[in-house]
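Asks: Handing you a structure now.
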Amino acid sequence: NIQKARSILSSISRWNNKKGALMAEALLERLHRECIKGKNPNAFVDSEMYNICINAWAKSDINGNEIVAKAESLVNRMETRYARGRENSIPRTRLARPDRITYNSLINAYSLSNEDSSAKVDKILEKMNALADSAAINKSDRDYESYIRPDEISYNSVLNYYASRKNEHWSAQRAEDLLLEMSEISQRQQEQHSKGNPPPVTMSTTTLNIVLNAWGNSGGGIRAAQRAEALLHMMIRLFNKGHENIQPNA
């Protein structure tokens with residue numbers, strides 16, 4: 001059954017090597033084929049299974065560029081199969097649909113690669129927001145908004161990607177720009193939350209520490225030190241104004 005399949009996938013994924021990732025993906029594909037054939041009514045593949053496989057590759061012992069290729073392949077298959085299933089009038093509840101964890105995991109995979117994936121990372125965040133906005137105005141799909149809307153982990157994952165770029169000043173600047181965008185989005189969502197919409201995305205000490213780390217890795221010299229100091233002062237001001245989730249630490 002589905003619980004047993006998830007359990008097996010999860011167990012194999014914790015091997016943290018290529019063999020475990022290969023076996024997890026092979027099991028996923030086998031279950032998908034059984035679903036397509038329709039001979040086994042208990043065969044079912046859900047989003048969590050795909051996410052387990054993506055994370056299995058992320059934790060494997062292969063290089064970052066290979067991890068990205070494997071993660072992209074799984075997400076592409078998931079998106080294609082969901083779209084094809086909807087075209088064939090298969091209920092959403094019977095299809096594996098990419099969710100926030102799916103895209104967060106893909107963003108994290110990009111951080112493991114030495115390739116410039118900044119455009120892809122930004123596009124994923126845009127896609128998540130677009131899908132959430134679309135779901136919010138569709139009565140039959142409104143629940144999906146809470147599963148796809150970017151949260152703090154999503155933004156932190158993107159920020160981590162930019163912080164992982166060594167000696168690239170533009171990357172640290174992009175991280176700081178995204179931090180400001182995140183603040184503006186949080187304010188807008190806070191207003192909407194008062195009208196019954198989902199809670200807003202929030203910044204935390206972790207969020208700002210990632211941006212500080214981005215400047216530290218940028219190789220920007222005095223300019224980077226100045227930006228890091230300005231961010232630290234901002235954290236202190238916010239904390240003193242009652243933002244307890246933004247507390248400067250060691």
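If you're wondering about the labels, chains in the structure tokens are A, B, ... by order shown, residues count from 1 in each chain, ligands from 1 in order shown.
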Pick out the residues sitting within 7 Å of Gly219 of chain A, and hand them over as a PyMOL selection string; count only C-alpha atoms, and ignore anything fewer than 4 positions along from it in its own chain.
Replies: chain A and resi 167-169
Asks: Taking the chain letters and numbering used in this document, name the residues of segment 99-177 of chain A that DSSP puts in alpha helix (DSSP H), as a PyMOL selection string.
Replies: chain A and resi 100-110+118-136+145-148+152-163+169-177
Asks: Could you name the residues that touch Asn16 of chain A at 12 Å or less, counting only C-alpha atoms, but leaving out those on the same chain fewer than 4 positions away, as a list of chain:residue names?
Replies: A:Ser10, A:Ser11, A:Ile12, A:Gly20, A:Ala21, A:Leu22, A:Met23, A:Ala24, A:Ile52, A:Cys53, A:Ile54, A:Asn55, A:Ala56, A:Trp57, A:Ala58, A:Lys59, A:Ser60, A:Asp61, A:Ile62
Asks: How would the residues just picked look written out with N, CA and C atoms as an mmCIF file, in the first residue's frame?
Replies:
data_model
loop_
_atom_site.group_PDB
_atom_site.id
_atom_site.type_symbol
_atom_site.label_atom_id
_atom_site.label_comp_id
_atom_site.auth_asym_id
_atom_site.auth_seq_id
_atom_site.Cartn_x
_atom_site.Cartn_y
_atom_site.Cartn_z
ATOM 1 N N SER A 10 11.552 6.035 1.884
ATOM 2 C CA SER A 10 12.218 6.848 2.900
ATOM 3 C C SER A 10 13.433 6.127 3.477
ATOM 4 N N SER A 11 13.285 4.838 3.711
ATOM 5 C CA SER A 11 14.389 4.046 4.265
ATOM 6 C C SER A 11 15.566 3.982 3.297
ATOM 7 N N ILE A 12 15.275 3.718 2.029
ATOM 8 C CA ILE A 12 16.327 3.637 1.020
ATOM 9 C C ILE A 12 17.017 4.986 0.833
ATOM 10 N N GLY A 20 21.359 4.058 -3.231
ATOM 11 C CA GLY A 20 20.072 4.278 -2.595
ATOM 12 C C GLY A 20 19.175 5.163 -3.437
ATOM 13 N N ALA A 21 19.754 6.224 -4.031
ATOM 14 C CA ALA A 21 18.968 7.130 -4.868
ATOM 15 C C ALA A 21 18.450 6.419 -6.112
ATOM 16 N N LEU A 22 19.295 5.597 -6.723
ATOM 17 C CA LEU A 22 18.892 4.832 -7.906
ATOM 18 C C LEU A 22 17.742 3.877 -7.576
ATOM 19 N N MET A 23 17.865 3.188 -6.447
ATOM 20 C CA MET A 23 16.826 2.234 -6.052
ATOM 21 C C MET A 23 15.519 2.946 -5.730
ATOM 22 N N ALA A 24 15.608 4.093 -5.067
ATOM 23 C CA ALA A 24 14.400 4.853 -4.729
ATOM 24 C C ALA A 24 13.684 5.312 -5.999
ATOM 25 N N ILE A 52 10.800 12.601 -1.814
ATOM 26 C CA ILE A 52 11.767 11.706 -1.169
ATOM 27 C C ILE A 52 12.892 11.367 -2.140
ATOM 28 N N CYS A 53 12.526 11.095 -3.390
ATOM 29 C CA CYS A 53 13.533 10.732 -4.395
ATOM 30 C C CYS A 53 14.449 11.914 -4.722
ATOM 31 N N ILE A 54 13.876 13.106 -4.810
ATOM 32 C CA ILE A 54 14.700 14.296 -5.072
ATOM 33 C C ILE A 54 15.712 14.479 -3.947
ATOM 34 N N ASN A 55 15.256 14.323 -2.716
ATOM 35 C CA ASN A 55 16.159 14.481 -1.580
ATOM 36 C C ASN A 55 17.172 13.348 -1.488
ATOM 37 N N ALA A 56 16.791 12.169 -1.985
ATOM 38 C CA ALA A 56 17.743 11.049 -2.003
ATOM 39 C C ALA A 56 18.929 11.390 -2.891
ATOM 40 N N TRP A 57 18.658 12.001 -4.048
ATOM 41 C CA TRP A 57 19.746 12.419 -4.927
ATOM 42 C C TRP A 57 20.564 13.546 -4.298
ATOM 43 N N ALA A 58 19.893 14.471 -3.617
ATOM 44 C CA ALA A 58 20.603 15.593 -2.993
ATOM 45 C C ALA A 58 21.569 15.116 -1.917
ATOM 46 N N LYS A 59 21.232 14.000 -1.261
ATOM 47 C CA LYS A 59 22.070 13.472 -0.187
ATOM 48 C C LYS A 59 23.035 12.389 -0.666
ATOM 49 N N SER A 60 23.012 12.107 -1.962
ATOM 50 C CA SER A 60 23.873 11.047 -2.493
ATOM 51 C C SER A 60 25.318 11.525 -2.617
ATOM 52 N N ASP A 61 26.183 10.614 -2.999
ATOM 53 C CA ASP A 61 27.616 10.936 -3.066
ATOM 54 C C ASP A 61 28.078 11.289 -4.473
ATOM 55 N N ILE A 62 27.177 11.728 -5.347
ATOM 56 C CA ILE A 62 27.578 12.147 -6.686
ATOM 57 C C ILE A 62 27.836 13.657 -6.676
#
Asks: Which residue is closest to Lys120 of chain A? Choose from A:Ser13, A:Ala230, A:Val68, A:Glu152 and count only C-alpha atoms.
Replies: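 Of the candidates, the smallest distance to Lys120 of chain A is held by A:Val68.
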Asks: Please, what distance in Å, to one decimal, runs between atom CA of Gly220 of chain A and atom CA of Ser164 of chain A?
Replies: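 Interatomic distance, atom CA of Gly220 of chain A to atom CA of Ser164 of chain A: 14.5 Å.
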Asks: Which residue is closest to Asn217 of chain A? Choose from A:Ile246, A:Ala163, A:Ala135, A:Ile8 and count only C-alpha atoms.
Replies: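 Checking each candidate against Asn217 of chain A, we get A:Ala163 as the closest.
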Asks: Excluding segment 106-117 of chain A and residues on its chain fewer than 6 positions from it, collect all residues at most 8 Å away from it, counting only C-alpha atoms, and give them as an MDAnalysis selection string.
Replies: chainID A and resid 54 58 63:65 67:68 71:72 75 124 157:158 160:162 164
